[in-house]
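Here the structure is laid out as structure tokens; the discussion comes afterwards.
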Amino acid sequence: MNIEKIRNDFPILDQEIYGHQLVYLDNAATTQKPQCVIDAVSHYYEKDNSNIQRGVHTLSERATADYEAARETIRAFFNAKSTKEVIFTRGTTESINLVASSWGNANIGKNDEILITHMEHHSNIVPWQMLCERTGAILKVVPMNEAGELDMAAFSTLLSERTKLVGVVHMSNALGTINPIETMIQQAHNVGAKVLVDGAQAAAHMRTDIQALDIDFYATSAHKMYGPTGVGVLIAKEALLNAMPPYQGGGDMILMVTFEKTQYNALPHKFEAGTPNIAGVIGFGQAIKYIQSIGLDKIAAREKVLLDYATTKAQSFAGLRQIGTAKEKACVLSFVLDGVHPHDLGTILDREGVAIRAGHHCAMPVMQFYKVPATARASFSIYNTEAEVDALFAALTKAKDMFA
Ligand code: C6P
């Protein structure tokens, strides 16, 4: 794999921060965008900008064709059964809220149980809490161990015929843990529960075959997969989507409106009310093509080499405590350093040109579990190099010396 060539695809990487070459290690927050994605978005605005689905003129036909072509690209990438199952949203957060509101309101009642895990992002906690408040359902949580792995025995015990939905993150943003979703889905289906997989972190790093895994609801965001911000997808089984009421009312999601009654549009449009993020969707499709041009398996293998390299360095760095040491993990090195608050660390590293994230990563229960207010998190992507990992540790040494 020619990393230098890949780096050249990302124009943003070629810049200095405080006189240092930028080292971008905040990929779990959002990845950088390759030139082909930037070009696809500008091409839409420069040549095809118009509204979709309803226009009779050429620009609208071209924009609609590109928008729908992106839907097919995304369907094929995740191996969803049909483009009817691919709903464009603002991102993972909106996809989960859509399910919790639409499917949740229609299917969840008092004393039903929603089972999530201790390592969920707030996006996969709060919508379910809100649903429980509305309906009297009960939220249950699968515990995890010190390494940041789910307690699968507890998962089996917590599952029962009262469980109506299991919500699980495929890859934890705070720990890097990859969860055994295949087993979890099988066990959940055995008790008749539906499963929502939060794929926000995993989607760009490992293959996710929605049909093979038999996922009921799958949520992810384009911006963590080299695509634009403000766009993502909900992929759900057609039968479930057909039975669900619309999430929002408005243009595009209707076939016929009178003041007496409205007839809803067919899938996927029933769940895409209003003018969507057309440029974003087109950019998302291009981002998927970019991933395919390198190959997801090659990406995963290369990123594992980088993570192993960084982990080895972390293990021998005095005063560094890794947060999240699961056997199955990817791309995320979360840690705390003795005597230095993660936020101070983030600021000092920035002065050295190294961009990491410091904070609770919208996973406060994970911080509570490890009894830390926050962690520093370096997260890797396909364009990162061993030299950048070295730069991270050189900057950490500097920070440690400053606080010594
Ligand atoms: N995590 C991070 O720095 P949105 O914001 O809707 O695109 O994605 C939300 C989300 C949901 N689930 C997981 C596992 C996530 O990691 C995220 C986003 C970013 O870790 C921002 S908090």
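Naming works like this for the structure tokens: A, B, ... for the chains as they're shown, residue 1 at the start of each chain, ligands 1 onward in shown order.
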With only C-alpha atoms as the counted atoms, please give the residues lying no more than 12 Å from region 236-240 of chain A, apart from itself and same-chain residues fewer than 4 positions off, as a count of residues only. 42
Identify, on the basis of only C-alpha atoms, every residue whose closest approach to His343 (chain A) does not exceed 12 Å; exclude the query and any residue fewer than 6 positions from it along the same chain; express the result as a PDB file with N, CA, C and O atoms, in the first residue's frame.
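What landed in out-v5.pdb:
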ATOM      1  N   PHE A 335      -6.324   7.135  26.468  1.00  0.00           N
ATOM      2  CA  PHE A 335      -5.406   7.009  27.623  1.00  0.00           C
ATOM      3  C   PHE A 335      -5.486   8.223  28.529  1.00  0.00           C
ATOM      4  O   PHE A 335      -6.024   9.273  28.163  1.00  0.00           O
ATOM      5  N   VAL A 336      -4.938   8.038  29.730  1.00  0.00           N
ATOM      6  CA  VAL A 336      -4.724   9.164  30.634  1.00  0.00           C
ATOM      7  C   VAL A 336      -3.243   9.140  31.020  1.00  0.00           C
ATOM      8  O   VAL A 336      -2.605   8.084  31.014  1.00  0.00           O
ATOM      9  N   LEU A 337      -2.715  10.330  31.318  1.00  0.00           N
ATOM     10  CA  LEU A 337      -1.300  10.443  31.668  1.00  0.00           C
ATOM     11  C   LEU A 337      -1.225  11.008  33.081  1.00  0.00           C
ATOM     12  O   LEU A 337      -1.848  12.046  33.361  1.00  0.00           O
ATOM     13  N   LEU A 349      -0.369  19.207  22.901  1.00  0.00           N
ATOM     14  CA  LEU A 349      -0.115  18.450  21.667  1.00  0.00           C
ATOM     15  C   LEU A 349      -0.445  19.284  20.430  1.00  0.00           C
ATOM     16  O   LEU A 349       0.261  19.221  19.418  1.00  0.00           O
ATOM     17  N   ASP A 350      -1.480  20.095  20.537  1.00  0.00           N
ATOM     18  CA  ASP A 350      -1.845  20.959  19.402  1.00  0.00           C
ATOM     19  C   ASP A 350      -0.700  21.897  19.053  1.00  0.00           C
ATOM     20  O   ASP A 350      -0.410  22.146  17.876  1.00  0.00           O
ATOM     21  N   ALA A 355      -3.029  16.696  16.447  1.00  0.00           N
ATOM     22  CA  ALA A 355      -4.454  16.848  16.761  1.00  0.00           C
ATOM     23  C   ALA A 355      -5.011  15.540  17.308  1.00  0.00           C
ATOM     24  O   ALA A 355      -5.039  14.520  16.614  1.00  0.00           O
ATOM     25  N   ILE A 356      -5.406  15.580  18.591  1.00  0.00           N
ATOM     26  CA  ILE A 356      -6.095  14.436  19.196  1.00  0.00           C
ATOM     27  C   ILE A 356      -7.384  14.974  19.812  1.00  0.00           C
ATOM     28  O   ILE A 356      -7.614  16.184  19.802  1.00  0.00           O
ATOM     29  N   ARG A 357      -8.216  14.107  20.347  1.00  0.00           N
ATOM     30  CA  ARG A 357      -9.393  14.600  21.054  1.00  0.00           C
ATOM     31  C   ARG A 357      -9.218  14.329  22.541  1.00  0.00           C
ATOM     32  O   ARG A 357      -8.717  13.265  22.933  1.00  0.00           O
ATOM     33  N   ALA A 358      -9.637  15.285  23.356  1.00  0.00           N
ATOM     34  CA  ALA A 358      -9.625  15.095  24.804  1.00  0.00           C
ATOM     35  C   ALA A 358     -11.026  15.381  25.307  1.00  0.00           C
ATOM     36  O   ALA A 358     -11.636  16.370  24.919  1.00  0.00           O
ATOM     37  N   GLY A 359     -11.555  14.496  26.146  1.00  0.00           N
ATOM     38  CA  GLY A 359     -12.896  14.735  26.675  1.00  0.00           C
ATOM     39  C   GLY A 359     -13.569  13.432  27.035  1.00  0.00           C
ATOM     40  O   GLY A 359     -12.908  12.399  27.204  1.00  0.00           O
ATOM     41  N   HIS A 360     -14.897  13.486  27.154  1.00  0.00           N
ATOM     42  CA  HIS A 360     -15.619  12.254  27.518  1.00  0.00           C
ATOM     43  C   HIS A 360     -16.106  11.510  26.288  1.00  0.00           C
ATOM     44  O   HIS A 360     -16.692  10.437  26.377  1.00  0.00           O
ATOM     45  N   PRO A 373     -12.295  11.675  34.534  1.00  0.00           N
ATOM     46  CA  PRO A 373     -13.198  12.710  34.023  1.00  0.00           C
ATOM     47  C   PRO A 373     -13.213  12.752  32.500  1.00  0.00           C
ATOM     48  O   PRO A 373     -14.180  13.172  31.879  1.00  0.00           O
ATOM     49  N   ALA A 374     -12.120  12.309  31.915  1.00  0.00           N
ATOM     50  CA  ALA A 374     -11.951  12.413  30.465  1.00  0.00           C
ATOM     51  C   ALA A 374     -10.773  11.536  30.071  1.00  0.00           C
ATOM     52  O   ALA A 374     -10.017  11.088  30.939  1.00  0.00           O
ATOM     53  N   THR A 375     -10.621  11.294  28.792  1.00  0.00           N
ATOM     54  CA  THR A 375      -9.391  10.649  28.321  1.00  0.00           C
ATOM     55  C   THR A 375      -8.835  11.457  27.149  1.00  0.00           C
ATOM     56  O   THR A 375      -9.549  12.263  26.550  1.00  0.00           O
ATOM     57  N   ALA A 376      -7.571  11.221  26.851  1.00  0.00           N
ATOM     58  CA  ALA A 376      -6.989  11.712  25.608  1.00  0.00           C
ATOM     59  C   ALA A 376      -7.172  10.569  24.612  1.00  0.00           C
ATOM     60  O   ALA A 376      -7.020   9.403  24.975  1.00  0.00           O
ATOM     61  N   ARG A 377      -7.524  10.906  23.394  1.00  0.00           N
ATOM     62  CA  ARG A 377      -7.787   9.839  22.423  1.00  0.00           C
ATOM     63  C   ARG A 377      -7.094  10.140  21.096  1.00  0.00           C
ATOM     64  O   ARG A 377      -7.371  11.142  20.456  1.00  0.00           O
ATOM     65  N   ALA A 399       5.020  17.041  26.942  1.00  0.00           N
ATOM     66  CA  ALA A 399       3.958  17.413  27.879  1.00  0.00           C
ATOM     67  C   ALA A 399       4.290  16.905  29.283  1.00  0.00           C
ATOM     68  O   ALA A 399       4.124  17.622  30.281  1.00  0.00           O
TER      69      ALA A 399
END
To check your reading of the model: which residues sit at most 7 Å from ligand 1 when counting only C-alpha atoms and all ligand atoms? Write the answer as a PyMOL selection string. chain A and resi 28-30+91-94+120-121+123-124+169+171-174+198-201+221+223+361-362
Env of Lys33 (chain A): 9 Å cut, atoms = only C-alpha atoms, seq-sep filter 6 positions within chain, self excluded. Answer as a PyMOL selection string. chain A and resi 9-12+223+225-228+287
Tell me, which residues of region 6-223 of chain A carry DSSP strand (DSSP E or B), written as a ChimeraX atom specification? /A:16-17,20-21,23-24,26,86-89,113-117,138-142,144,150,163-169,171,177-178,194-198,217-221
For N, CA and C atoms, I'd like the residues from the last selection saved as a short mmCIF file (atom, residue, chain, number, x, y, z; two decimals), in the first residue's frame.
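Listed below is the output, again_21.cif:
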data_model
loop_
_atom_site.label_atom_id
_atom_site.label_comp_id
_atom_site.auth_asym_id
_atom_site.auth_seq_id
_atom_site.Cartn_x
_atom_site.Cartn_y
_atom_site.Cartn_z
N GLU A 16 1.00 23.23 8.00
CA GLU A 16 1.69 23.28 9.29
C GLU A 16 0.78 23.91 10.34
N ILE A 17 0.92 23.41 11.57
CA ILE A 17 0.21 23.98 12.72
C ILE A 17 1.29 24.41 13.72
N HIS A 20 4.68 23.23 12.88
CA HIS A 20 4.93 21.78 12.77
C HIS A 20 4.02 21.20 11.69
N GLN A 21 4.52 20.18 11.01
CA GLN A 21 3.67 19.46 10.07
C GLN A 21 2.44 18.91 10.83
N VAL A 23 -0.23 16.63 12.26
CA VAL A 23 -0.39 15.19 12.50
C VAL A 23 -1.83 15.01 12.95
N TYR A 24 -2.67 14.53 12.06
CA TYR A 24 -4.10 14.47 12.37
C TYR A 24 -4.46 13.09 12.92
N ASP A 26 -7.31 12.60 14.96
CA ASP A 26 -8.67 12.74 15.53
C ASP A 26 -9.70 12.17 14.56
N VAL A 86 -32.58 1.80 2.30
CA VAL A 86 -31.50 2.77 2.56
C VAL A 86 -32.10 4.18 2.68
N ILE A 87 -32.15 4.67 3.91
CA ILE A 87 -32.77 5.97 4.18
C ILE A 87 -31.67 6.98 4.50
N PHE A 88 -31.61 8.07 3.77
CA PHE A 88 -30.63 9.10 4.10
C PHE A 88 -31.12 9.95 5.26
N THR A 89 -30.18 10.22 6.18
CA THR A 89 -30.48 11.02 7.37
C THR A 89 -29.35 12.04 7.54
N GLU A 113 -38.60 -4.09 27.60
CA GLU A 113 -37.20 -3.76 27.92
C GLU A 113 -36.38 -3.44 26.67
N ILE A 114 -35.55 -2.41 26.83
CA ILE A 114 -34.58 -2.04 25.79
C ILE A 114 -33.22 -2.33 26.41
N LEU A 115 -32.42 -3.12 25.71
CA LEU A 115 -31.13 -3.53 26.27
C LEU A 115 -30.00 -2.87 25.47
N ILE A 116 -29.22 -2.04 26.15
CA ILE A 116 -28.07 -1.42 25.50
C ILE A 116 -26.81 -1.82 26.27
N THR A 117 -25.66 -1.28 25.89
CA THR A 117 -24.44 -1.69 26.60
C THR A 117 -23.79 -0.50 27.31
N ILE A 138 -38.42 -0.12 30.13
CA ILE A 138 -37.28 -0.16 31.06
C ILE A 138 -35.98 -0.30 30.27
N LEU A 139 -35.00 0.55 30.64
CA LEU A 139 -33.69 0.50 29.97
C LEU A 139 -32.75 -0.37 30.79
N LYS A 140 -32.19 -1.38 30.16
CA LYS A 140 -31.22 -2.25 30.85
C LYS A 140 -29.86 -2.13 30.17
N VAL A 141 -28.81 -2.40 30.95
CA VAL A 141 -27.46 -2.14 30.44
C VAL A 141 -26.56 -3.37 30.61
N VAL A 142 -25.94 -3.79 29.53
CA VAL A 142 -24.99 -4.91 29.60
C VAL A 142 -23.68 -4.37 30.16
N MET A 144 -19.56 -4.23 31.35
CA MET A 144 -18.31 -4.59 30.67
C MET A 144 -17.21 -4.82 31.70
N LEU A 150 -17.51 -6.49 26.52
CA LEU A 150 -18.84 -6.76 27.08
C LEU A 150 -18.84 -8.07 27.84
N THR A 163 -37.38 -8.39 26.31
CA THR A 163 -36.47 -7.52 25.55
C THR A 163 -37.05 -7.30 24.15
N LYS A 164 -37.30 -6.04 23.83
CA LYS A 164 -37.87 -5.75 22.51
C LYS A 164 -36.81 -5.23 21.54
N LEU A 165 -35.78 -4.63 22.10
CA LEU A 165 -34.72 -4.11 21.23
C LEU A 165 -33.36 -4.17 21.93
N VAL A 166 -32.35 -4.59 21.18
CA VAL A 166 -30.97 -4.52 21.66
C VAL A 166 -30.27 -3.43 20.84
N GLY A 167 -29.66 -2.48 21.53
CA GLY A 167 -28.90 -1.43 20.83
C GLY A 167 -27.44 -1.60 21.17
N VAL A 168 -26.60 -1.79 20.16
CA VAL A 168 -25.19 -2.06 20.45
C VAL A 168 -24.28 -1.33 19.46
N VAL A 169 -23.20 -0.81 20.00
CA VAL A 169 -22.22 -0.13 19.17
C VAL A 169 -21.29 -1.20 18.58
N MET A 171 -18.31 -0.67 17.07
CA MET A 171 -16.96 -0.35 17.57
C MET A 171 -17.07 0.87 18.47
N THR A 177 -13.07 -0.90 21.27
CA THR A 177 -13.56 -2.28 21.33
C THR A 177 -14.47 -2.60 20.15
N ILE A 178 -14.25 -3.77 19.55
CA ILE A 178 -15.17 -4.27 18.53
C ILE A 178 -16.04 -5.33 19.20
N LYS A 194 -35.52 -7.09 18.32
CA LYS A 194 -34.87 -6.47 17.17
C LYS A 194 -33.52 -5.92 17.62
N VAL A 195 -32.62 -5.71 16.64
CA VAL A 195 -31.29 -5.21 16.99
C VAL A 195 -30.95 -3.97 16.17
N LEU A 196 -30.51 -2.95 16.88
CA LEU A 196 -29.98 -1.75 16.22
C LEU A 196 -28.47 -1.72 16.43
N VAL A 197 -27.73 -1.68 15.33
CA VAL A 197 -26.27 -1.60 15.41
C VAL A 197 -25.84 -0.17 15.08
N ASP A 198 -25.07 0.43 16.02
CA ASP A 198 -24.49 1.75 15.79
C ASP A 198 -23.15 1.53 15.09
N PHE A 217 -31.71 -2.86 12.23
CA PHE A 217 -31.52 -1.41 12.03
C PHE A 217 -30.03 -1.12 12.10
N TYR A 218 -29.53 -0.39 11.11
CA TYR A 218 -28.10 -0.07 11.08
C TYR A 218 -27.94 1.43 10.86
N ALA A 219 -27.17 2.08 11.72
CA ALA A 219 -27.01 3.54 11.63
C ALA A 219 -25.54 3.88 11.45
N THR A 220 -25.24 4.80 10.52
CA THR A 220 -23.87 5.28 10.43
C THR A 220 -23.83 6.68 9.81
N SER A 221 -22.64 7.31 9.86
CA SER A 221 -22.44 8.68 9.40
C SER A 221 -21.39 8.72 8.30
#
Which residues come within 12 Å of Asp401 (chain A), counting only C-alpha atoms, excluding same-chain residues fewer than 6 positions away, as a list in words?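 The residues satisfying every condition are Ala318, Gly319, Leu337, Asp338, Gly339, Val340, Leu345, Ile348, Ala394 and Ala395 of chain A.
Those residues that approach Tyr383 (chain A) to within 7 Å, counting only C-alpha atoms, are Ile3, Ile6 and Arg7 of chain A; same-chain residues fewer than 3 positions away are not listed.
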Save out the residues we just selected, N, CA, C and O atoms, as a JSON list (two decimals), in the first residue's frame.
[["chain", "number", "residue", "atom", "x", "y", "z"],
["A", 3, "ILE", "N", 1.26, 4.62, 1.04],
["A", 3, "ILE", "CA", 0.65, 5.59, 1.96],
["A", 3, "ILE", "C", 0.89, 7.03, 1.48],
["A", 3, "ILE", "O", 0.03, 7.89, 1.62],
["A", 6, "ILE", "N", -1.68, 7.84, -0.95],
["A", 6, "ILE", "CA", -2.96, 8.04, -0.26],
["A", 6, "ILE", "C", -2.98, 9.41, 0.42],
["A", 6, "ILE", "O", -3.95, 10.14, 0.33],
["A", 7, "ARG", "N", -1.89, 9.75, 1.07],
["A", 7, "ARG", "CA", -1.83, 11.08, 1.75],
["A", 7, "ARG", "C", -2.04, 12.22, 0.75],
["A", 7, "ARG", "O", -2.68, 13.21, 1.07]]
Go through A:Leu333, A:Ala243, A:Ala273, A:Met1 and flag the residue nearest Leu255 (chain A), using only C-alpha atoms for the distances.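 Ranking A:Leu333, A:Ala243, A:Ala273, A:Met1 by distance to Leu255 (chain A), first place goes to A:Ala273.
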